[in-house]
>>> print(open('start_32.csv').read())   # CSV, C-alpha atoms
chain,number,residue,atom,x,y,z
A,1403,GLU,CA,8.0,8.6,26.4
A,1404,ALA,CA,10.5,7.3,23.9
A,1405,PHE,CA,12.1,5.1,26.6
A,1406,PRO,CA,9.1,3.6,28.5
A,1407,GLU,CA,11.3,0.8,29.7
A,1408,TYR,CA,13.7,3.2,31.3
A,1409,VAL,CA,11.4,6.0,32.7
A,1410,HIS,CA,7.9,5.1,33.8
A,1411,LYS,CA,5.2,7.3,32.4
A,1412,SER,CA,4.0,8.3,35.9
A,1413,GLN,CA,7.6,9.6,36.6
A,1414,ILE,CA,7.5,11.7,33.4
A,1415,GLU,CA,4.6,13.7,34.7
A,1416,GLU,CA,6.4,14.4,37.9
A,1417,MET,CA,10.0,14.8,36.6
A,1418,LYS,CA,11.5,17.7,34.6
A,1419,LEU,CA,13.0,17.1,31.2
A,1420,ASP,CA,16.6,17.0,32.4
A,1421,GLU,CA,15.7,14.5,35.1
A,1422,CYS,CA,14.0,12.2,32.6
A,1423,VAL,CA,16.9,12.4,30.2
A,1424,ARG,CA,19.4,11.7,33.1
A,1425,ALA,CA,17.4,8.7,34.3
A,1426,ALA,CA,17.2,7.2,30.8
A,1427,SER,CA,20.9,7.8,30.3
A,1428,LYS,CA,21.8,6.2,33.6
A,1429,THR,CA,19.9,3.1,32.8
A,1430,LEU,CA,21.4,2.8,29.3
A,1431,ARG,CA,24.9,3.3,30.6
A,1432,SER,CA,24.4,0.4,33.0
A,1433,LYS,CA,23.8,-1.6,29.9
A,1434,GLU,CA,26.9,-0.2,28.3
A,1435,LYS,CA,24.9,1.9,25.9
A,1436,ASN,CA,24.9,5.7,25.3
A,1437,LEU,CA,21.9,8.0,25.0
A,1438,VAL,CA,22.1,10.4,22.0
A,1439,VAL,CA,19.9,13.5,21.9
A,1440,ILE,CA,19.7,15.4,18.6
A,1441,VAL,CA,18.2,18.9,18.5
A,1442,ASP,CA,18.1,20.0,14.9
A,1443,GLY,CA,16.8,23.1,13.1
A,1444,LEU,CA,18.1,25.7,15.6
A,1445,ASP,CA,18.1,28.3,12.8
A,1446,HIS,CA,14.4,27.9,12.4
A,1447,VAL,CA,13.7,29.3,15.9
A,1448,HIS,CA,14.9,32.8,15.2
A,1449,ARG,CA,13.4,32.9,11.7
A,1450,ASP,CA,10.0,31.8,13.0
A,1451,ARG,CA,9.9,34.1,16.1
A,1452,PRO,CA,12.3,36.7,17.4
A,1453,ASP,CA,11.9,35.4,21.0
A,1454,ILE,CA,14.2,32.4,21.6
A,1455,SER,CA,13.3,32.1,25.3
A,1456,GLN,CA,11.9,28.6,24.8
A,1457,LEU,CA,15.0,27.4,23.1
A,1458,ASN,CA,17.0,29.0,25.9
A,1459,HIS,CA,15.0,27.0,28.4
A,1460,LEU,CA,15.4,23.7,26.5
A,1461,LEU,CA,19.2,24.1,26.2
A,1462,ASN,CA,19.6,25.2,29.8
A,1463,ARG,CA,18.1,21.8,30.7
A,1464,LEU,CA,20.2,19.8,28.2
A,1465,ILE,CA,23.6,21.3,28.1
A,1466,PRO,CA,24.5,20.5,31.8
A,1467,LEU,CA,24.0,16.9,30.9
A,1468,LYS,CA,26.8,16.9,28.3
A,1469,ASP,CA,29.0,14.7,30.4
A,1470,ASP,CA,26.3,12.0,30.7
A,1471,VAL,CA,24.6,12.3,27.3
A,1472,CYS,CA,25.8,12.6,23.7
A,1473,LEU,CA,24.3,15.9,22.5
A,1474,PHE,CA,24.1,16.9,18.8
A,1475,PHE,CA,22.8,20.3,17.8
A,1476,GLY,CA,22.1,21.0,14.1
A,1477,THR,CA,21.7,24.3,12.3
A,1478,GLN,CA,22.0,26.0,8.9
A,1479,PRO,CA,24.6,28.8,8.9
A,1480,ILE,CA,23.5,31.4,11.5
A,1481,ASP,CA,25.0,34.2,13.4
A,1482,GLU,CA,25.9,33.3,16.9
A,1483,SER,CA,23.9,36.3,18.3
A,1484,PHE,CA,20.7,34.4,17.3
A,1485,LEU,CA,21.6,31.4,19.5
A,1486,PRO,CA,21.5,30.9,23.2
A,1487,ILE,CA,24.6,31.9,25.1
A,1488,SER,CA,24.6,28.6,26.9
A,1489,LEU,CA,25.2,26.9,23.6
A,1490,THR,CA,27.9,29.2,22.2
A,1491,SER,CA,29.7,29.1,25.5
A,1492,ALA,CA,29.7,25.3,25.7
A,1493,ALA,CA,30.4,24.9,22.0
A,1494,PRO,CA,32.2,27.9,20.5
A,1495,LYS,CA,31.6,28.3,16.8
A,1496,LYS,CA,35.2,27.5,16.0
A,1497,SER,CA,34.6,24.0,17.3
A,1498,TRP,CA,31.5,23.4,15.1
A,1499,VAL,CA,31.8,20.7,12.4
A,1500,ASP,CA,30.4,21.3,8.9
A,1501,LEU,CA,28.6,18.4,7.5
A,1502,PRO,CA,30.0,17.5,4.0
A,1503,PRO,CA,27.8,17.2,1.0
A,1504,MET,CA,26.4,13.8,0.2
A,1505,ASP,CA,28.8,12.1,-2.2
A,1506,LEU,CA,28.0,9.4,-4.7
A,1507,ALA,CA,28.3,6.6,-2.2
A,1508,SER,CA,26.1,8.2,0.5
A,1509,THR,CA,23.5,9.2,-2.1
A,1510,ARG,CA,23.3,5.7,-3.5
A,1511,SER,CA,23.0,4.3,0.0
A,1512,TRP,CA,20.1,6.6,0.7
A,1513,LEU,CA,18.4,5.6,-2.5
A,1514,VAL,CA,18.9,1.9,-1.8
A,1515,GLY,CA,17.1,2.5,1.5
A,1516,LEU,CA,14.2,4.2,-0.2
A,1517,HIS,CA,14.0,1.5,-2.9
A,1518,GLU,CA,14.0,-1.3,-0.3
A,1519,ALA,CA,11.2,0.5,1.5
A,1520,SER,CA,9.2,0.6,-1.8
A,1521,SER,CA,9.2,4.4,-1.8
A,1522,PHE,CA,9.8,4.5,-5.6
A,1523,ILE,CA,9.6,2.2,-8.6
A,1524,LEU,CA,12.3,1.6,-11.2
A,1525,ASN,CA,11.5,0.9,-14.8
A,1526,GLY,CA,13.7,-2.1,-15.4
A,1527,GLY,CA,13.6,-5.6,-14.0
A,1528,LYS,CA,15.6,-7.0,-11.1
A,1529,ASP,CA,18.6,-7.5,-13.4
A,1530,HIS,CA,18.8,-3.7,-14.0
A,1531,VAL,CA,18.3,-2.4,-10.4
A,1532,ASP,CA,22.0,-1.8,-9.7
A,1533,ARG,CA,22.5,0.0,-13.0
A,1534,GLU,CA,19.5,2.2,-12.6
A,1535,LEU,CA,20.4,3.1,-9.0
A,1536,ASN,CA,23.9,4.1,-10.1
A,1537,GLU,CA,22.5,6.2,-12.9
A,1538,ILE,CA,20.0,8.0,-10.7
A,1539,SER,CA,22.6,8.5,-8.0
A,1540,GLU,CA,25.0,10.1,-10.5
A,1541,ALA,CA,22.3,12.3,-11.9
A,1542,LEU,CA,21.3,13.5,-8.4
A,1543,VAL,CA,24.8,14.4,-7.3
A,1544,ALA,CA,25.4,16.3,-10.5
A,1545,LYS,CA,22.1,18.2,-10.2
A,1546,THR,CA,22.2,19.0,-6.4
A,1547,LYS,CA,25.9,19.0,-5.8
A,1548,GLY,CA,25.1,16.6,-2.9
A,1549,TYR,CA,23.4,19.3,-0.8
A,1550,PRO,CA,21.2,17.2,1.5
A,1551,LEU,CA,18.2,19.4,1.8
A,1552,HIS,CA,18.0,20.1,-1.9
A,1553,LEU,CA,18.5,16.4,-2.8
A,1554,ILE,CA,16.0,15.0,-0.3
A,1555,TYR,CA,13.3,17.6,-0.9
A,1556,SER,CA,13.7,17.3,-4.7
A,1557,VAL,CA,13.3,13.5,-4.7
A,1558,ARG,CA,10.2,13.8,-2.5
A,1559,ASP,CA,8.8,16.3,-4.9
A,1560,LEU,CA,9.4,14.0,-7.9
A,1561,LEU,CA,7.9,11.0,-6.1
A,1562,ALA,CA,4.8,13.0,-5.1
A,1563,LYS,CA,4.1,13.5,-8.8
A,1564,ASP,CA,5.1,10.0,-10.0
A,1565,ARG,CA,6.6,7.1,-8.0
A,1566,HIS,CA,8.6,6.0,-11.1
A,1567,LEU,CA,12.1,7.4,-10.7
A,1568,THR,CA,14.6,7.6,-13.5
A,1569,ALA,CA,17.8,9.5,-14.2
A,1570,ASN,CA,16.0,11.5,-16.8
A,1571,ARG,CA,13.4,12.7,-14.3
A,1572,VAL,CA,16.2,14.1,-12.2
A,1573,GLU,CA,16.5,16.8,-14.8
A,1574,GLU,CA,13.1,18.1,-13.7
A,1575,ILE,CA,14.5,19.1,-10.3
A,1576,LEU,CA,14.4,22.9,-9.7
A,1577,PRO,CA,17.8,24.6,-9.1
A,1578,CYS,CA,19.2,25.6,-5.7
A,1579,PRO,CA,21.4,28.6,-6.6
A,1580,ASN,CA,24.5,29.1,-4.5
A,1581,GLY,CA,23.5,26.2,-2.2
A,1582,ASP,CA,20.8,28.5,-0.6
A,1583,ILE,CA,17.8,26.3,0.2
A,1584,ARG,CA,15.7,29.5,0.5
A,1585,GLU,CA,16.1,30.1,-3.2
A,1586,TYR,CA,14.9,26.6,-3.9
A,1587,TYR,CA,11.8,27.3,-1.7
A,1588,GLN,CA,11.3,30.5,-3.7
A,1589,ASN,CA,11.4,28.6,-7.0
A,1590,LEU,CA,8.8,26.1,-5.6
A,1591,TRP,CA,6.6,29.0,-4.5
A,1592,HIS,CA,6.7,30.7,-7.9
A,1593,GLY,CA,5.7,27.4,-9.5
A,1594,LEU,CA,2.4,27.3,-7.6
A,1595,SER,CA,-0.9,28.8,-8.9
A,1596,ALA,CA,-2.5,31.6,-7.0
A,1597,GLY,CA,-5.1,29.2,-5.6
A,1598,SER,CA,-2.5,26.8,-4.3
A,1599,ARG,CA,-0.6,29.7,-2.6
A,1600,ASP,CA,-3.9,30.9,-0.9
A,1601,ILE,CA,-4.4,27.4,0.5
A,1602,LEU,CA,-0.9,27.1,1.8
A,1603,LEU,CA,-1.1,30.6,3.4
A,1604,LEU,CA,-4.3,29.7,5.1
A,1605,ILE,CA,-3.0,26.4,6.4
A,1606,ALA,CA,0.2,28.2,7.7
A,1607,CYS,CA,-1.6,31.1,9.4
A,1608,VAL,CA,-4.3,29.3,11.5
A,1609,GLN,CA,-3.6,28.2,15.0
A,1610,PHE,CA,-5.2,24.8,14.9
A,1611,PRO,CA,-4.1,21.5,13.2
A,1612,TRP,CA,-5.7,20.8,9.8
A,1613,PRO,CA,-7.1,17.4,8.8
A,1614,ASP,CA,-5.4,15.4,6.1
A,1615,LYS,CA,-5.3,16.6,2.5
A,1616,GLY,CA,-8.2,14.4,1.4
A,1617,ASN,CA,-10.6,15.7,4.0
A,1618,LEU,CA,-9.4,19.3,3.7
A,1619,SER,CA,-10.2,19.2,0.0
A,1620,LYS,CA,-13.9,19.0,0.9
A,1621,CYS,CA,-13.7,22.6,2.1
A,1622,TYR,CA,-12.8,23.9,-1.3
A,1623,THR,CA,-14.4,23.8,-4.7
A,1624,TRP,CA,-11.0,23.8,-6.4
A,1625,THR,CA,-10.2,20.3,-5.2
A,1626,THR,CA,-7.7,19.6,-7.9
A,1627,ALA,CA,-5.7,22.7,-6.8
A,1628,LEU,CA,-5.6,21.4,-3.3
A,1629,GLN,CA,-4.4,17.9,-4.4
A,1630,ASN,CA,-1.6,19.5,-6.4
A,1631,THR,CA,-0.6,22.0,-3.6
A,1632,GLY,CA,3.0,21.2,-2.6
A,1633,ASN,CA,3.8,19.3,-5.7
A,1634,GLY,CA,5.3,22.5,-7.2
A,1635,ASP,CA,3.8,21.8,-10.6
A,1636,GLY,CA,1.5,24.9,-10.7
A,1637,SER,CA,-1.3,22.8,-12.2
A,1638,GLY,CA,-3.9,24.1,-9.7
>>> encode(input="start_32.csv", output="structure tokens")
Amino acid sequence: EAFPEYVHKSQIEEMKLDECVRAASKTLRSKEKNLVVIVDGLDHVHRDRPDISQLNHLLNRLIPLKDDVCLFFGTQPIDESFLPISLTSAAPKKSWVDLPPMDLASTRSWLVGLHEASSFILNGGKDHVDRELNEISEALVAKTKGYPLHLIYSVRDLLAKDRHLTANRVEEILPCPNGDIREYYQNLWHGLSAGSRDILLLIACVQFPWPDKGNLSKCYTWTTALQNTGNGDGSG
């Protein structure tokens, strides 16, 4: 459905995934363009469920298209035994490419994009934007060592509390020891109140989609706790 101009919706219902991808790729190549398919978070599959049959099914459809489609697969460090054989055969681990940490230039570029999208507010006027972005970028790289997940999640956490972003506020970021994002998650979890943890566990365990945070808060008497859930400030 991402390419309605290349694959008609009626065809999607009749065609298999690989056929849809191949059809979109064929049309794009006739226009001298390439189709790029990104499948990220492969490590989550095994962590969330021991059965990876659905991932096997997906990759068995996609990997045979590697000559026609640009395929990218993303994962945190994971043992090959937890991945489909079709993937490790087509792309042995020795051929994998480690993504480098975000350096100062990439961090600043990311921040500029957020600022231009009005995702956060700087304290100074227009004449001080470059200086403030430089200072924040330097503080973020120093604090997170450029680890993308830690850097991005931390900034989101800061902005959820206050959309004003400064280099000083970067010092509030929780640590990510040894570059292990799971330890960062653990620090966030410890910062939540018991009520906030109960709400998150309830949301995670049920088998139906929850309404947005504002409507969900009507289900609870501790509304403030719900509004603060996920901010990591433990104020619930």
>>> residues_near_point(input="start_32.csv", point="(14.8, 24.0, -10.8)", cutoff="12 Å", atoms="only C-alpha atoms", output="count of residues only")
29
>>> atom_distance(input="start_32.csv", atom1="atom CA of Ile1440 of chain A", atom2="atom CA of Ala1507 of chain A")
24.2 Å
>>> residues_around(input="start_32.csv", residues="segment 1474-1482 of chain A", least_positions_apart="5", cutoff="10 Å", atoms="all atoms listed in the file", output="list in words")
Val1438, Val1439, Ile1440, Val1441, Asp1442, Gly1443, Leu1444, Asp1445, His1446, His1448, Leu1461, Lys1468, Ile1487, Leu1489, Thr1490, Ala1493, Pro1494, Lys1495, Trp1498, Val1499, Asp1500, Leu1501, Asp1582 and Ile1583 of chain A
>>> atom_distance(input="start_32.csv", atom1="atom CA of Lys1435 of chain A", atom2="atom CA of Asp1469 of chain A")
14.2 Å
>>> atom_distance(input="start_32.csv", atom1="atom CA of Ala1606 of chain A", atom2="atom CA of Asp1564 of chain A")
25.9 Å
>>> residues_near_point(input="start_32.csv", point="(15.6, 5.6, -15.5)", cutoff="12 Å", atoms="only C-alpha atoms", output="tab-separated table (two decimals) with C-alpha atoms, in the frame of the given file")
chain	number	residue	atom	x	y	z
A	1522	PHE	CA	9.80	4.50	-5.60
A	1523	ILE	CA	9.60	2.20	-8.60
A	1524	LEU	CA	12.30	1.60	-11.20
A	1525	ASN	CA	11.50	0.90	-14.80
A	1526	GLY	CA	13.70	-2.10	-15.40
A	1527	GLY	CA	13.60	-5.60	-14.00
A	1530	HIS	CA	18.80	-3.70	-14.00
A	1531	VAL	CA	18.30	-2.40	-10.40
A	1532	ASP	CA	22.00	-1.80	-9.70
A	1533	ARG	CA	22.50	0.00	-13.00
A	1534	GLU	CA	19.50	2.20	-12.60
A	1535	LEU	CA	20.40	3.10	-9.00
A	1536	ASN	CA	23.90	4.10	-10.10
A	1537	GLU	CA	22.50	6.20	-12.90
A	1538	ILE	CA	20.00	8.00	-10.70
A	1539	SER	CA	22.60	8.50	-8.00
A	1540	GLU	CA	25.00	10.10	-10.50
A	1541	ALA	CA	22.30	12.30	-11.90
A	1565	ARG	CA	6.60	7.10	-8.00
A	1566	HIS	CA	8.60	6.00	-11.10
A	1567	LEU	CA	12.10	7.40	-10.70
A	1568	THR	CA	14.60	7.60	-13.50
A	1569	ALA	CA	17.80	9.50	-14.20
A	1570	ASN	CA	16.00	11.50	-16.80
A	1571	ARG	CA	13.40	12.70	-14.30
A	1572	VAL	CA	16.20	14.10	-12.20
A	1573	GLU	CA	16.50	16.80	-14.80
>>> closest_residue(input="start_32.csv", among="A:Gln1609, A:Thr1509, A:Thr1429, A:Ser1455", to="Leu1485 of chain A", atoms="only C-alpha atoms")
A:Ser1455
>>> closest_residue(input="start_32.csv", among="A:Asp1505, A:Lys1433, A:Arg1510, A:Leu1464", to="Ala1492 of chain A", atoms="all atoms listed in the file")
A:Leu1464
